[in-house]
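For reference, the structure discussed in these notes is given below.
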Amino acid sequence: MTDHPHPRWPHALLDAGAHRPTPFRQFVLKLHSRCNLDCAYCYLYQGQDHGWRDRPHRADRRTMHRTAARVAEHVRTHGLDRIRIELHGGEPLLAGPAPVLAYARAVREAVPAHCAVTATVQTNGTRLTDAVLDRLARAGIRVGLSLDGGRAAHNARRVDHAGRPAWSAARAAALRLAARPATYAGVLCTIDADTDPLDVYRSLRALDPPGVDFLLPHANWAHPPPGSSPGSPGRHRPRPTPYGDWLAAVFDAWWDERRPPTRVRLFQEIAALLLGAPSSAEAVGLSPMAAVVIETDGAIEQVDSLRSAYPGAAETGLDVFRHTFDAALRHPGIAARQLGERALAKECLDCPVGKVCGGGNYVHRYASGTGFHHPSVYCADLERLIRHIAHRLEHTARTTGRSGSS
């Protein structure tokens, strides 16, 4: 069957002039297209799309400066006063901190003086020494750390290409970062539903991060989550909710903490949505996606997680040498992620928690042959978590008058 990943509906809305693009405010700048780890679950290197093999290993100075000029052009066109740059890979520190510093400096020098640039580098921590941290801190670049928990056993799937565990270096990086809170952006943790959720959460808390972002493994109806069987897309009930159960257990521990809790973005986003605030993350809610990726060769692409769907899913055919970022805003795949409720399947529109869930992560809606116009493959898990959080919020408000958690 031939795939139609972007069905007629986004094109029709664009043709009718019904879509008003939201400018990009987050620019994911690829520094290195390779990684020194060989994580068993990595959607980029172990997934459906192997296009990374054809990329230059590093972004050269010409690509960096052309990208910076395009970012500045976008800032001026849309009058932006604040943007984020995320320095990514692969492993962005494989070539040391110098390329990270150079890319951030190029963007900051190119954008108008009134535009604030928040810069973060996301790393596996294996190259994060005190000397590297000193240089990043002096340049005002924050550091995000990727971990699967705060113990060696949680990180057993994170090994190098010789099969050696990466935990020792990652733990050392976490301790260095905890001693530098102004530089520490937080932890990204991909969920393994077979782990003990409370052990994972408490072990991460012991590393003292300012925040933890729990991520569902990138999966879809064609390539279901670990432990699940392929099935037809839809809002199926009853259905097991291993990821919803895992997250609900962590939520309770987080909500009931007596000391000030660390930030957990997913929980805060859902709580805010339940209380009527807009979302600011793609995992839940209906806020327009405002992020774009620039590859090491200057290609303008959609977010990397799309690579978990099928080969070429993230491609736009655009690059910074020939195209503006406004051209990317008109790409149907990007437009589809800025349409809010108009991008949702009927099951999501009819769902009682649909506006909070927002259909889940766009990437998780994919099904072979019919594209992304479906509920998330994590539909039941998300509903389980949202209803659990709603119940806890209601119970807390009723018994104590407390209406939220910081």
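Going through the structure tokens in order, the chains are called A, B, and so on, while each chain numbers its residues from 1 and the ligands are numbered from 1 in the order shown.
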
Given only C-alpha atoms, how would the per-residue table for region 160-217 of chain A near region 345-363 of chain A read, listing every residue at most 12 Å away with its closest atom pair and distance in Å to one decimal, sorted by chain and number, as JSON lines?
{"residue": "A:Leu215", "atom": "CA", "partner": "A:Asn361", "partner_atom": "CA", "distance": 10.3}
{"residue": "A:Leu216", "atom": "CA", "partner": "A:Asn361", "partner_atom": "CA", "distance": 9.3}
{"residue": "A:Pro217", "atom": "CA", "partner": "A:Val363", "partner_atom": "CA", "distance": 10.7}

Members of region 33-127 of chain A assigned helix (DSSP H, G or I) by DSSP, as a PyMOL selection string = chain A and resi 51-54+61-78+98-110

Taking the chain letters and numbering used in this document, name the residues of region 279-388 of chain A that DSSP puts in strand (DSSP E), as a ChimeraX atom specification.
-> /A:291-294,299-301,315-319

Could you dump the residues just selected with N, CA, C and O atoms as a PDB file, in the first residue's frame?
ATOM      1  N   ALA A 291       8.579  24.636  16.201  1.00  0.00           N
ATOM      2  CA  ALA A 291       9.972  24.212  16.170  1.00  0.00           C
ATOM      3  C   ALA A 291      10.338  23.721  14.781  1.00  0.00           C
ATOM      4  O   ALA A 291       9.512  23.157  14.062  1.00  0.00           O
ATOM      5  N   VAL A 292      11.600  23.926  14.418  1.00  0.00           N
ATOM      6  CA  VAL A 292      12.103  23.474  13.130  1.00  0.00           C
ATOM      7  C   VAL A 292      13.541  22.997  13.328  1.00  0.00           C
ATOM      8  O   VAL A 292      14.240  23.470  14.222  1.00  0.00           O
ATOM      9  N   VAL A 293      13.954  22.040  12.497  1.00  0.00           N
ATOM     10  CA  VAL A 293      15.282  21.433  12.599  1.00  0.00           C
ATOM     11  C   VAL A 293      16.135  21.871  11.419  1.00  0.00           C
ATOM     12  O   VAL A 293      15.662  21.914  10.276  1.00  0.00           O
ATOM     13  N   ILE A 294      17.400  22.181  11.690  1.00  0.00           N
ATOM     14  CA  ILE A 294      18.359  22.445  10.624  1.00  0.00           C
ATOM     15  C   ILE A 294      19.452  21.392  10.735  1.00  0.00           C
ATOM     16  O   ILE A 294      20.174  21.304  11.728  1.00  0.00           O
ATOM     17  N   ALA A 299      19.882  21.334   5.584  1.00  0.00           N
ATOM     18  CA  ALA A 299      18.508  20.973   5.242  1.00  0.00           C
ATOM     19  C   ALA A 299      17.557  21.440   6.337  1.00  0.00           C
ATOM     20  O   ALA A 299      17.851  21.305   7.533  1.00  0.00           O
ATOM     21  N   ILE A 300      16.429  22.012   5.927  1.00  0.00           N
ATOM     22  CA  ILE A 300      15.377  22.420   6.863  1.00  0.00           C
ATOM     23  C   ILE A 300      14.409  21.256   6.984  1.00  0.00           C
ATOM     24  O   ILE A 300      13.827  20.819   5.985  1.00  0.00           O
ATOM     25  N   GLU A 301      14.230  20.746   8.182  1.00  0.00           N
ATOM     26  CA  GLU A 301      13.398  19.569   8.360  1.00  0.00           C
ATOM     27  C   GLU A 301      12.415  19.745   9.514  1.00  0.00           C
ATOM     28  O   GLU A 301      12.534  20.659  10.324  1.00  0.00           O
ATOM     29  N   GLU A 315      11.457  15.091   6.110  1.00  0.00           N
ATOM     30  CA  GLU A 315      12.000  15.924   5.034  1.00  0.00           C
ATOM     31  C   GLU A 315      11.001  16.964   4.540  1.00  0.00           C
ATOM     32  O   GLU A 315       9.800  16.717   4.503  1.00  0.00           O
ATOM     33  N   THR A 316      11.537  18.113   4.137  1.00  0.00           N
ATOM     34  CA  THR A 316      10.701  19.153   3.523  1.00  0.00           C
ATOM     35  C   THR A 316      11.160  19.501   2.115  1.00  0.00           C
ATOM     36  O   THR A 316      10.425  20.160   1.374  1.00  0.00           O
ATOM     37  N   GLY A 317      12.368  19.093   1.739  1.00  0.00           N
ATOM     38  CA  GLY A 317      12.921  19.483   0.447  1.00  0.00           C
ATOM     39  C   GLY A 317      13.507  20.886   0.446  1.00  0.00           C
ATOM     40  O   GLY A 317      13.885  21.401  -0.614  1.00  0.00           O
ATOM     41  N   LEU A 318      13.598  21.501   1.611  1.00  0.00           N
ATOM     42  CA  LEU A 318      14.087  22.875   1.732  1.00  0.00           C
ATOM     43  C   LEU A 318      15.448  22.895   2.405  1.00  0.00           C
ATOM     44  O   LEU A 318      15.819  21.955   3.111  1.00  0.00           O
ATOM     45  N   ASP A 319      16.193  23.986   2.214  1.00  0.00           N
ATOM     46  CA  ASP A 319      17.458  24.154   2.916  1.00  0.00           C
ATOM     47  C   ASP A 319      17.725  25.642   3.122  1.00  0.00           C
ATOM     48  O   ASP A 319      17.132  26.501   2.452  1.00  0.00           O
TER      49      ASP A 319
END

Contacts of Trp254 (chain A) within 10 Å, only C-alpha atoms, excl. fewer than 2 positions in-chain, as a PyMOL selection string | chain A and resi 198+201-202+205+248-252+256-264+267+405

Can you tell me, as JSON, numbers by chain, what residues are no more than 7 Å from region 321-325 of chain A when counting only C-alpha atoms, ignoring any on the same chain fewer than 5 positions away?
-> {"A": [66, 70, 74]}

Using only C-alpha atoms, find each residue in region 141-238 of chain A having at least one atom no more than 12 Å away from region 383-389 of chain A; report its shortest atom-to-atom pair and that distance in Å (one decimal), rows by chain then rising number, as CSV.
residue,atom,partner,partner_atom,distance
A:Arg235,CA,A:Glu383,CA,10.1
A:His236,CA,A:Glu383,CA,11.4
A:Arg237,CA,A:Glu383,CA,10.8
A:Pro238,CA,A:Arg384,CA,11.2

If you count only C-alpha atoms, the residue of A:Ala166, A:Ala72, A:Leu147, A:Ala178 closest to Ala113 (chain A) turns out to be A:Ala72

CA of Val132 (chain A) sits from CA of Leu44 (chain A) at a separation of 25.7 Å

Near region 117-121 of chain A, within 10 Å and counting only C-alpha atoms, which residues show up once chain neighbours fewer than 5 positions away are dropped, as an MDAnalysis selection string?
-> chainID A and resid 25:29 31 81:89 91:93 97 100:101 103:105 107:108 111 136 139:145 183:185

Do a neighbour search on Gly79 (chain A) at 10 Å with only C-alpha atoms, toss out local chain neighbours closer than 3 positions, and write the hits as a ChimeraX atom specification.
-> /A:23,73-76,82,112,114-115

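Our summary of the geometry notes that CA of Thr22 (chain A) is positioned 23.9 Å from CA of Met64 (chain A).
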
Please identify all polymer residues within 12 Å of Pro224 (chain A), counting only C-alpha atoms, omitting same-chain residues fewer than 3 positions from it, and present them as a PyMOL selection string.
-> chain A and resi 216-221+227-233+308-309+363-368+376-378

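CA of Pro375 (chain A) to CA of Gly234 (chain A) spans 5.8 Å [interatomic distance, one decimal].
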
Residue with smallest distance to Ala169 (chain A) - pool A:Arg127, A:Arg138, A:His57, A:His154, counting only C-alpha atoms | A:Arg127
